[in-house]
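Text of the file protein.tsv, holding TSV, C-alpha atoms:
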```tsv
chain	number	residue	atom	x	y	z
G	21	MET	CA	16.43	11.18	-0.26
G	22	ALA	CA	18.11	13.16	2.44
G	23	ASP	CA	15.21	15.45	3.24
G	24	ALA	CA	12.64	12.72	3.83
G	25	LYS	CA	11.03	13.59	7.11
G	26	PRO	CA	8.68	11.04	8.68
G	27	ARG	CA	5.84	12.20	10.90
G	28	VAL	CA	3.42	10.02	12.85
G	29	LYS	CA	0.43	10.64	15.00
G	30	VAL	CA	-0.19	7.98	17.67
G	31	PRO	CA	-2.31	8.49	20.78
G	32	LYS	CA	-0.23	8.68	24.00
G	33	SER	CA	-2.45	6.30	25.90
G	34	ALA	CA	-5.21	3.76	25.27
G	35	ASP	CA	-7.30	1.14	27.05
G	36	ALA	CA	-6.14	-2.49	26.84
G	37	GLY	CA	-7.34	-4.04	23.59
G	38	GLU	CA	-8.48	-0.72	22.18
G	39	VAL	CA	-8.29	-0.17	18.41
G	40	ILE	CA	-6.47	3.08	17.79
G	41	THR	CA	-6.04	5.09	14.61
G	42	ILE	CA	-2.54	5.95	13.46
G	43	LYS	CA	-1.70	8.56	10.84
G	44	THR	CA	1.67	8.73	9.12
G	45	LEU	CA	3.16	11.09	6.59
G	46	ILE	CA	6.62	11.28	5.09
G	47	SER	CA	7.92	14.07	2.91
G	48	HIS	CA	9.11	12.47	-0.31
G	49	LYS	CA	8.79	13.46	-3.97
G	50	MET	CA	7.72	9.92	-5.07
G	51	GLU	CA	9.20	10.30	-8.55
G	52	SER	CA	7.17	7.82	-10.61
G	53	GLY	CA	9.76	7.02	-13.28
G	54	LEU	CA	7.20	7.85	-15.97
G	55	ARG	CA	7.77	11.61	-16.16
G	56	LYS	CA	10.08	13.27	-18.65
G	57	GLY	CA	12.52	15.98	-17.61
G	58	LYS	CA	13.30	19.18	-19.50
G	59	ASP	CA	15.86	17.32	-21.64
G	60	GLY	CA	13.20	14.87	-22.83
G	61	ASN	CA	14.64	11.92	-20.96
G	62	LEU	CA	12.77	9.96	-18.35
G	63	ILE	CA	13.46	10.97	-14.78
G	64	PRO	CA	14.54	7.80	-12.95
G	65	ARG	CA	12.06	6.32	-10.53
G	66	GLN	CA	12.58	7.04	-6.86
G	67	ILE	CA	9.77	6.23	-4.50
G	68	ILE	CA	9.13	4.85	-1.05
G	69	ASN	CA	8.34	1.27	-2.01
G	70	LYS	CA	7.42	-0.23	1.35
G	71	PHE	CA	6.02	0.80	4.69
G	72	THR	CA	5.70	-1.33	7.80
G	73	ALA	CA	4.29	-0.77	11.27
G	74	GLU	CA	5.33	-3.06	14.11
G	75	PHE	CA	4.21	-3.14	17.71
G	76	ASN	CA	6.69	-4.63	20.20
G	77	GLY	CA	8.38	-6.39	17.27
G	78	GLN	CA	5.16	-7.85	15.90
G	79	MET	CA	3.90	-6.92	12.45
G	80	VAL	CA	0.70	-4.86	12.59
G	81	PHE	CA	0.26	-3.31	9.16
G	82	GLY	CA	2.30	-2.97	6.00
G	83	VAL	CA	1.97	-1.59	2.50
G	84	ASP	CA	3.79	-2.38	-0.74
G	85	ILE	CA	3.74	0.92	-2.55
G	86	ASP	CA	3.68	1.46	-6.31
G	87	PRO	CA	4.40	4.75	-8.12
G	88	ALA	CA	0.68	5.58	-8.20
G	89	ILE	CA	0.79	6.73	-4.57
G	90	SER	CA	0.97	10.52	-4.29
G	91	ALA	CA	4.01	12.54	-3.30
G	92	ASN	CA	4.46	12.84	0.47
G	93	PRO	CA	2.73	9.50	1.03
G	94	PHE	CA	0.05	9.63	3.68
G	95	LEU	CA	-1.23	6.50	5.39
G	96	GLU	CA	-3.94	6.14	7.96
G	97	PHE	CA	-4.66	2.75	9.52
G	98	THR	CA	-5.66	1.12	12.79
G	99	ALA	CA	-3.91	-1.02	15.38
G	100	LYS	CA	-5.00	-3.01	18.39
G	101	VAL	CA	-2.96	-2.35	21.54
G	102	PRO	CA	-3.10	-5.17	24.09
G	103	GLU	CA	-0.39	-3.72	26.34
G	104	SER	CA	1.97	-0.79	26.77
G	105	GLY	CA	4.72	-0.75	24.22
G	106	GLU	CA	6.38	0.87	21.31
G	107	PHE	CA	5.45	1.20	17.66
G	108	THR	CA	8.21	1.12	15.06
G	109	PHE	CA	7.37	2.62	11.69
G	110	THR	CA	9.72	1.96	8.78
G	111	TRP	CA	9.73	3.45	5.29
G	112	MET	CA	11.96	1.93	2.59
G	113	ASP	CA	13.28	4.08	-0.22
G	114	ASP	CA	14.20	2.88	-3.74
G	115	ASP	CA	17.74	4.17	-3.13
G	116	GLY	CA	18.22	1.71	-0.27
G	117	SER	CA	17.82	4.09	2.63
G	118	THR	CA	15.29	3.43	5.36
G	119	TYR	CA	13.62	5.93	7.60
G	120	THR	CA	12.30	4.88	10.99
G	121	LYS	CA	10.24	6.52	13.65
G	122	LYS	CA	9.31	5.09	17.04
G	123	SER	CA	6.37	6.00	19.16
G	124	LYS	CA	5.51	4.81	22.69
G	125	ILE	CA	1.99	4.16	23.92
G	126	LYS	CA	0.83	3.58	27.48
G	127	VAL	CA	-2.05	1.23	28.24
G	128	GLY	CA	-4.20	1.59	31.36
L	26	MET	CA	-41.45	-6.63	-38.47
L	27	LYS	CA	-44.77	-5.27	-37.38
L	28	LEU	CA	-45.46	-4.87	-33.68
L	29	ASN	CA	-48.80	-4.69	-32.07
L	30	ARG	CA	-49.35	-2.27	-29.20
L	31	ARG	CA	-48.64	-4.81	-26.44
L	32	GLU	CA	-45.34	-5.93	-27.94
L	33	ALA	CA	-44.24	-2.38	-28.59
L	34	LEU	CA	-44.86	-1.43	-24.97
L	35	ALA	CA	-43.01	-4.48	-23.64
L	36	LEU	CA	-40.05	-3.71	-25.86
L	37	GLY	CA	-40.01	-0.10	-24.67
L	38	ALA	CA	-40.11	-1.14	-21.04
L	39	GLY	CA	-37.30	-3.63	-21.61
L	40	ALA	CA	-35.10	-1.04	-23.27
L	41	LEU	CA	-35.76	1.40	-20.43
L	42	PHE	CA	-34.85	-1.25	-17.87
L	43	ILE	CA	-31.52	-1.97	-19.59
L	44	THR	CA	-30.72	1.75	-19.75
L	45	LEU	CA	-31.54	2.36	-16.10
L	46	THR	CA	-29.79	-0.71	-14.67
L	47	PRO	CA	-26.54	0.58	-13.16
L	48	PHE	CA	-23.35	-0.56	-14.78
L	49	LYS	CA	-22.17	-3.49	-12.72
L	50	GLY	CA	-19.74	-6.28	-13.36
L	51	GLY	CA	-18.63	-4.85	-16.69
L	52	ALA	CA	-15.21	-5.48	-18.13
L	53	LEU	CA	-12.22	-3.62	-16.77
L	54	ALA	CA	-9.22	-2.49	-18.74
L	55	LYS	CA	-6.91	-5.36	-19.66
L	56	ASN	CA	-4.01	-4.31	-17.42
L	57	ALA	CA	-6.27	-4.27	-14.35
L	58	GLU	CA	-7.71	-7.68	-15.23
L	59	GLU	CA	-4.18	-9.05	-15.47
L	60	GLU	CA	-3.23	-7.57	-12.10
L	61	ILE	CA	-6.30	-9.12	-10.49
L	62	GLN	CA	-5.42	-12.50	-12.04
L	63	ALA	CA	-1.87	-12.22	-10.73
L	64	PHE	CA	-3.07	-11.31	-7.24
L	65	THR	CA	-5.68	-14.07	-6.97
L	66	SER	CA	-3.68	-16.64	-9.00
L	67	GLY	CA	-6.81	-17.32	-10.99
L	68	ALA	CA	-9.18	-17.82	-8.05
L	69	LYS	CA	-12.77	-16.64	-8.32
L	70	VAL	CA	-13.36	-13.06	-7.21
L	71	MET	CA	-16.75	-12.10	-5.83
L	72	GLU	CA	-17.90	-8.59	-6.51
L	73	ASP	CA	-20.01	-7.95	-3.42
L	74	ASP	CA	-20.36	-5.50	-0.56
L	75	MET	CA	-17.66	-7.02	1.68
L	76	VAL	CA	-15.25	-4.33	0.60
L	77	THR	CA	-16.04	-0.62	0.74
L	78	LEU	CA	-14.00	1.81	-1.30
L	79	THR	CA	-14.31	5.46	-0.40
L	80	ALA	CA	-13.28	7.75	-3.23
L	81	PRO	CA	-14.51	11.13	-4.42
L	82	GLU	CA	-16.93	11.10	-7.34
L	83	ILE	CA	-15.01	13.93	-8.96
L	84	ALA	CA	-11.33	14.58	-8.27
L	85	GLU	CA	-10.20	18.03	-9.34
L	86	ASN	CA	-6.54	17.25	-8.96
L	87	GLY	CA	-5.41	13.80	-10.07
L	88	ASN	CA	-2.14	14.20	-8.18
L	89	THR	CA	-3.65	13.61	-4.77
L	90	VAL	CA	-6.92	11.75	-4.68
L	91	PRO	CA	-7.90	10.63	-1.18
L	92	ILE	CA	-9.11	7.04	-1.10
L	93	GLY	CA	-10.14	4.78	1.75
L	94	ILE	CA	-10.76	1.07	1.96
L	95	SER	CA	-12.65	-0.83	4.56
L	96	VAL	CA	-13.40	-4.54	4.68
L	97	ASN	CA	-16.22	-5.97	6.74
L	98	SER	CA	-14.32	-8.42	8.94
L	99	PRO	CA	-14.12	-9.22	12.68
L	100	MET	CA	-10.28	-9.30	12.40
L	101	THR	CA	-9.85	-12.20	14.83
L	102	ALA	CA	-7.00	-14.72	14.69
L	103	ASP	CA	-9.05	-17.17	12.59
L	104	ASN	CA	-11.04	-14.73	10.46
L	105	TYR	CA	-9.24	-11.69	9.18
L	106	VAL	CA	-8.30	-9.82	6.04
L	107	LYS	CA	-4.84	-10.73	4.79
L	108	HIS	CA	-4.19	-8.38	1.89
L	109	VAL	CA	-5.96	-5.69	-0.07
L	110	ARG	CA	-4.71	-4.84	-3.56
L	111	ILE	CA	-5.64	-1.44	-4.92
L	112	LEU	CA	-5.69	-0.94	-8.70
L	113	ALA	CA	-6.55	1.86	-11.10
L	114	ASP	CA	-7.44	0.64	-14.59
L	115	GLY	CA	-6.68	3.86	-16.49
L	116	ASN	CA	-3.21	4.62	-15.12
L	117	PRO	CA	-0.05	3.81	-17.12
L	118	ARG	CA	0.45	1.02	-14.59
L	119	ALA	CA	-2.58	-0.42	-12.87
L	120	ALA	CA	-0.88	-1.23	-9.55
L	121	VAL	CA	-1.39	1.33	-6.79
L	122	ALA	CA	-0.58	-0.41	-3.52
L	123	THR	CA	-0.97	-3.65	-1.61
L	124	MET	CA	-1.93	-3.40	2.03
L	125	HIS	CA	-1.11	-6.18	4.46
L	126	PHE	CA	-3.29	-6.54	7.50
L	127	SER	CA	-3.04	-8.82	10.51
L	128	PRO	CA	-5.31	-9.60	13.47
L	129	MET	CA	-3.22	-6.96	15.29
L	130	SER	CA	-4.59	-4.34	12.89
L	131	GLY	CA	-7.86	-4.35	14.83
L	132	SER	CA	-9.84	-3.41	11.73
L	133	ALA	CA	-9.28	-3.71	8.01
L	134	GLU	CA	-9.38	-0.01	7.31
L	135	ALA	CA	-6.84	2.28	5.71
L	136	ASN	CA	-6.72	5.62	3.97
L	137	THR	CA	-4.14	7.04	1.62
L	138	ARG	CA	-3.76	9.41	-1.31
L	139	MET	CA	-3.15	8.30	-4.86
L	140	ARG	CA	-2.49	9.56	-8.37
L	141	LEU	CA	-5.01	9.18	-11.17
L	142	ALA	CA	-4.04	9.93	-14.76
L	143	LYS	CA	-7.61	10.29	-16.06
L	144	THR	CA	-11.21	9.37	-15.35
L	145	GLN	CA	-11.22	5.69	-14.51
L	146	ASN	CA	-12.20	2.86	-12.17
L	147	VAL	CA	-10.43	2.39	-8.85
L	148	ILE	CA	-10.60	-1.23	-7.76
L	149	ALA	CA	-9.96	-2.88	-4.40
L	150	VAL	CA	-9.52	-6.65	-4.14
L	151	ALA	CA	-9.36	-8.20	-0.68
L	152	GLU	CA	-7.96	-11.61	0.22
L	153	LEU	CA	-9.49	-13.08	3.37
L	154	SER	CA	-7.90	-15.64	5.68
L	155	ASP	CA	-10.43	-18.24	4.48
L	156	GLY	CA	-8.95	-17.96	0.98
L	157	THR	CA	-11.83	-16.09	-0.67
L	158	PHE	CA	-11.42	-12.93	-2.72
L	159	HIS	CA	-13.81	-10.01	-2.75
L	160	MET	CA	-13.68	-6.89	-4.84
L	161	THR	CA	-15.35	-3.56	-5.35
L	162	ARG	CA	-14.88	-0.64	-7.70
L	163	ALA	CA	-15.58	3.05	-7.84
L	164	GLU	CA	-15.45	5.37	-10.80
L	165	VAL	CA	-13.59	8.62	-10.21
L	166	LYS	CA	-13.89	11.49	-12.66
L	167	VAL	CA	-10.62	13.37	-12.92
L	168	THR	CA	-10.47	17.00	-14.01
L	169	ILE	CA	-6.67	17.41	-14.16
L	170	GLY	CA	-4.64	14.23	-14.61
L	171	GLY	CA	-1.92	13.47	-12.10
L	172	CYS	CA	0.91	11.77	-13.88
L	173	GLY	CA	2.84	14.76	-15.23
L	174	GLY	CA	4.66	14.32	-18.50
```
How would this structure read if it were set down as structure tokens?
Amino acid sequence: MADAKPRVKVPKSADAGEVITIKTLISHKMESGLRKGKDGNLIPRQIINKFTAEFNGQMVFGVDIDPAISANPFLEFTAKVPESGEFTFTWMDDDGSTYTKKSKIKVG
Amino acid sequence: MKLNRREALALGAGALFITLTPFKGGALAKNAEEEIQAFTSGAKVMEDDMVTLTAPEIAENGNTVPIGISVNSPMTADNYVKHVRILADGNPRAAVATMHFSPMSGSAEANTRMRLAKTQNVIAVAELSDGTFHMTRAEVKVTIGGCGG
């Protein structure tokens, strides 16, 4: 989906070892594949099926998403930051495209 | 059968107790049971207070129902929550999402928004690093279903 726009909220700085809260949102219709269109045929499924959050290349949090997640999927989770670095957030679409967003955080 | 006063009172008290005992550990819809089986590969699931599921009692709009999960765990390298499977037993498909945590997560907490087709149970099953499974459920009453169609 061309208009998928990821947004994340990560604190700019934290203390070493602090557990921070991250909020993410991506605009996406999350078509479930169970709805019928005006012509009576099923609208094909198109959802974000996977989300991952990595910190300095290490997996922090991930979600396998099913069609029961609402449109414009919102996710709030926590992460422990031992050092300064960069978060990489990745969303995977059913159509094969991926959307990424990076966010730096400073420790100390 | 003729009851004397003592028996009649005991029977009444028993019936009242059964009525007042909250519904716990009852059967879930078949599709949710199957999903739980698939997730745990048949292992025993304990329904206890390890997992907390935050969901509204009444959801006006089934299209976006905010839900939160939280598992009581220190999240250290040798004792952490691996996965949490979220299910809804009254949706056309029970699966909602599977969350993967790691010791880097800091805490086993996450919030999201989900669709609910009708009034039903939302279930969270957590797999811990020691191989045990814990689950909890919450009933959400839905005013307007959220699956279109």
Find the residues of chain L in contact range of chain G, meaning any atom within 9 Å when counting all atoms listed in the file, and list them as a PDB file with C-alpha atoms, in the coordinates of the input.
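Result written to out23.pdb:
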```
ATOM      1  CA  ASN L  88      -2.140  14.200  -8.180  1.00  0.00           C
ATOM      2  CA  THR L  89      -3.650  13.610  -4.770  1.00  0.00           C
ATOM      3  CA  VAL L  90      -6.920  11.750  -4.680  1.00  0.00           C
ATOM      4  CA  GLY L  93     -10.140   4.780   1.750  1.00  0.00           C
ATOM      5  CA  ALA L 113      -6.550   1.860 -11.100  1.00  0.00           C
ATOM      6  CA  ASN L 116      -3.210   4.620 -15.120  1.00  0.00           C
ATOM      7  CA  PRO L 117      -0.050   3.810 -17.120  1.00  0.00           C
ATOM      8  CA  ARG L 118       0.450   1.020 -14.590  1.00  0.00           C
ATOM      9  CA  ALA L 119      -2.580  -0.420 -12.870  1.00  0.00           C
ATOM     10  CA  ALA L 120      -0.880  -1.230  -9.550  1.00  0.00           C
ATOM     11  CA  VAL L 121      -1.390   1.330  -6.790  1.00  0.00           C
ATOM     12  CA  ALA L 122      -0.580  -0.410  -3.520  1.00  0.00           C
ATOM     13  CA  THR L 123      -0.970  -3.650  -1.610  1.00  0.00           C
ATOM     14  CA  MET L 124      -1.930  -3.400   2.030  1.00  0.00           C
ATOM     15  CA  HIS L 125      -1.110  -6.180   4.460  1.00  0.00           C
ATOM     16  CA  PHE L 126      -3.290  -6.540   7.500  1.00  0.00           C
ATOM     17  CA  SER L 127      -3.040  -8.820  10.510  1.00  0.00           C
ATOM     18  CA  PRO L 128      -5.310  -9.600  13.470  1.00  0.00           C
ATOM     19  CA  MET L 129      -3.220  -6.960  15.290  1.00  0.00           C
ATOM     20  CA  SER L 130      -4.590  -4.340  12.890  1.00  0.00           C
ATOM     21  CA  GLY L 131      -7.860  -4.350  14.830  1.00  0.00           C
ATOM     22  CA  SER L 132      -9.840  -3.410  11.730  1.00  0.00           C
ATOM     23  CA  ALA L 133      -9.280  -3.710   8.010  1.00  0.00           C
ATOM     24  CA  GLU L 134      -9.380  -0.010   7.310  1.00  0.00           C
ATOM     25  CA  ALA L 135      -6.840   2.280   5.710  1.00  0.00           C
ATOM     26  CA  ASN L 136      -6.720   5.620   3.970  1.00  0.00           C
ATOM     27  CA  THR L 137      -4.140   7.040   1.620  1.00  0.00           C
ATOM     28  CA  ARG L 138      -3.760   9.410  -1.310  1.00  0.00           C
ATOM     29  CA  MET L 139      -3.150   8.300  -4.860  1.00  0.00           C
ATOM     30  CA  ARG L 140      -2.490   9.560  -8.370  1.00  0.00           C
ATOM     31  CA  LEU L 141      -5.010   9.180 -11.170  1.00  0.00           C
ATOM     32  CA  GLY L 171      -1.920  13.470 -12.100  1.00  0.00           C
ATOM     33  CA  CYS L 172       0.910  11.770 -13.880  1.00  0.00           C
ATOM     34  CA  GLY L 173       2.840  14.760 -15.230  1.00  0.00           C
ATOM     35  CA  GLY L 174       4.660  14.320 -18.500  1.00  0.00           C
TER      36      GLY L 174
END
```
Query raised in the report: Which residues, written as a PyMOL selection string, have at least one atom at most 10 Å from L:Glu85, with only C-alpha atoms counted and residues fewer than 5 positions away on the same chain left out?
Result: chain L and resi 90+166-171
Query - Given all atoms listed in the file as the counted atoms, nearest of L:His108, L:Arg31, L:Lys143, L:His159 to L:Ala84 - result: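 Closest candidate: L:Lys143.
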Neighbours of point (-18.3, -3.8, -8.2) within 12 Å, using all atoms listed in the file, written as a PDB file with C-alpha atoms, keeping the file's coordinate frame:
```
ATOM      1  CA  PRO L  47     -26.540   0.580 -13.160  1.00  0.00           C
ATOM      2  CA  PHE L  48     -23.350  -0.560 -14.780  1.00  0.00           C
ATOM      3  CA  LYS L  49     -22.170  -3.490 -12.720  1.00  0.00           C
ATOM      4  CA  GLY L  50     -19.740  -6.280 -13.360  1.00  0.00           C
ATOM      5  CA  GLY L  51     -18.630  -4.850 -16.690  1.00  0.00           C
ATOM      6  CA  ALA L  52     -15.210  -5.480 -18.130  1.00  0.00           C
ATOM      7  CA  LEU L  53     -12.220  -3.620 -16.770  1.00  0.00           C
ATOM      8  CA  VAL L  70     -13.360 -13.060  -7.210  1.00  0.00           C
ATOM      9  CA  MET L  71     -16.750 -12.100  -5.830  1.00  0.00           C
ATOM     10  CA  GLU L  72     -17.900  -8.590  -6.510  1.00  0.00           C
ATOM     11  CA  ASP L  73     -20.010  -7.950  -3.420  1.00  0.00           C
ATOM     12  CA  ASP L  74     -20.360  -5.500  -0.560  1.00  0.00           C
ATOM     13  CA  MET L  75     -17.660  -7.020   1.680  1.00  0.00           C
ATOM     14  CA  VAL L  76     -15.250  -4.330   0.600  1.00  0.00           C
ATOM     15  CA  THR L  77     -16.040  -0.620   0.740  1.00  0.00           C
ATOM     16  CA  LEU L  78     -14.000   1.810  -1.300  1.00  0.00           C
ATOM     17  CA  ASN L 146     -12.200   2.860 -12.170  1.00  0.00           C
ATOM     18  CA  VAL L 147     -10.430   2.390  -8.850  1.00  0.00           C
ATOM     19  CA  ILE L 148     -10.600  -1.230  -7.760  1.00  0.00           C
ATOM     20  CA  ALA L 149      -9.960  -2.880  -4.400  1.00  0.00           C
ATOM     21  CA  VAL L 150      -9.520  -6.650  -4.140  1.00  0.00           C
ATOM     22  CA  HIS L 159     -13.810 -10.010  -2.750  1.00  0.00           C
ATOM     23  CA  MET L 160     -13.680  -6.890  -4.840  1.00  0.00           C
ATOM     24  CA  THR L 161     -15.350  -3.560  -5.350  1.00  0.00           C
ATOM     25  CA  ARG L 162     -14.880  -0.640  -7.700  1.00  0.00           C
ATOM     26  CA  ALA L 163     -15.580   3.050  -7.840  1.00  0.00           C
ATOM     27  CA  GLU L 164     -15.450   5.370 -10.800  1.00  0.00           C
TER      28      GLU L 164
END
```
Requested in this report: Could you give me, as a PyMOL selection string, the residues that sit within 7 Å of (14.0, 7.2, -11.9) in the file's coordinates, counting only C-alpha atoms?
Outcome: chain G and resi 51-53+63-66
Set the distance at 10 Å and use all atoms listed in the file: which residues neighbour G:Ser123 once local chain neighbours fewer than 4 positions away are removed? I'd like the list as a PDB file with C-alpha atoms, in the coordinates of the input.
```pdb
ATOM      1  CA  VAL G  28       3.420  10.020  12.850  1.00  0.00           C
ATOM      2  CA  LYS G  29       0.430  10.640  15.000  1.00  0.00           C
ATOM      3  CA  VAL G  30      -0.190   7.980  17.670  1.00  0.00           C
ATOM      4  CA  PRO G  31      -2.310   8.490  20.780  1.00  0.00           C
ATOM      5  CA  LYS G  32      -0.230   8.680  24.000  1.00  0.00           C
ATOM      6  CA  PHE G  75       4.210  -3.140  17.710  1.00  0.00           C
ATOM      7  CA  GLY G 105       4.720  -0.750  24.220  1.00  0.00           C
ATOM      8  CA  GLU G 106       6.380   0.870  21.310  1.00  0.00           C
ATOM      9  CA  PHE G 107       5.450   1.200  17.660  1.00  0.00           C
ATOM     10  CA  THR G 108       8.210   1.120  15.060  1.00  0.00           C
ATOM     11  CA  PHE G 109       7.370   2.620  11.690  1.00  0.00           C
TER      12      PHE G 109
END
```
Query - G:Ile68 environment, 7 Å, only C-alpha atoms, sequence neighbours closer than 4 positions dropped, as a list in words - result: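 Returned residues: Met50, Ile85, Trp111, Met112, Asp113 and Asp114 of chain G.
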Query raised in the report: To one decimal place, how far is atom CA of L:Tyr105 from atom CA of L:Leu153 in Å?
Result: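 It comes out at 6.0 Å.
In this structure, atom CA of L:Asn97 sits 22.1 Å away from atom CA of L:Glu82.
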Requested in this report: One decimal, Å: what's the distance from atom CA of G:Ala36 over to atom CA of G:Ser104, could you say?
Outcome: 8.3 Å
Report task. Go through L:Ile94, L:Asn29, L:Asp155, L:Gly37 one by one, measure the shortest atom-to-atom distance of each to L:Leu112 using only C-alpha atoms, and give the residue with the smallest value. Result ->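 Ranking L:Ile94, L:Asn29, L:Asp155, L:Gly37 by distance to L:Leu112, first place goes to L:Ile94.
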What are the centre and the three edge lengths of an axis-aligned box that wraps all atoms of stretch 66-73 of chain G in the file, given that 5 Å is added to every side, written as lines of an AutoDock Vina configuration file and rounded to one decimal in Å?
```
center_x = 8.4
center_y = 2.9
center_z = 2.2
size_x = 18.3
size_y = 18.4
size_z = 28.1
```
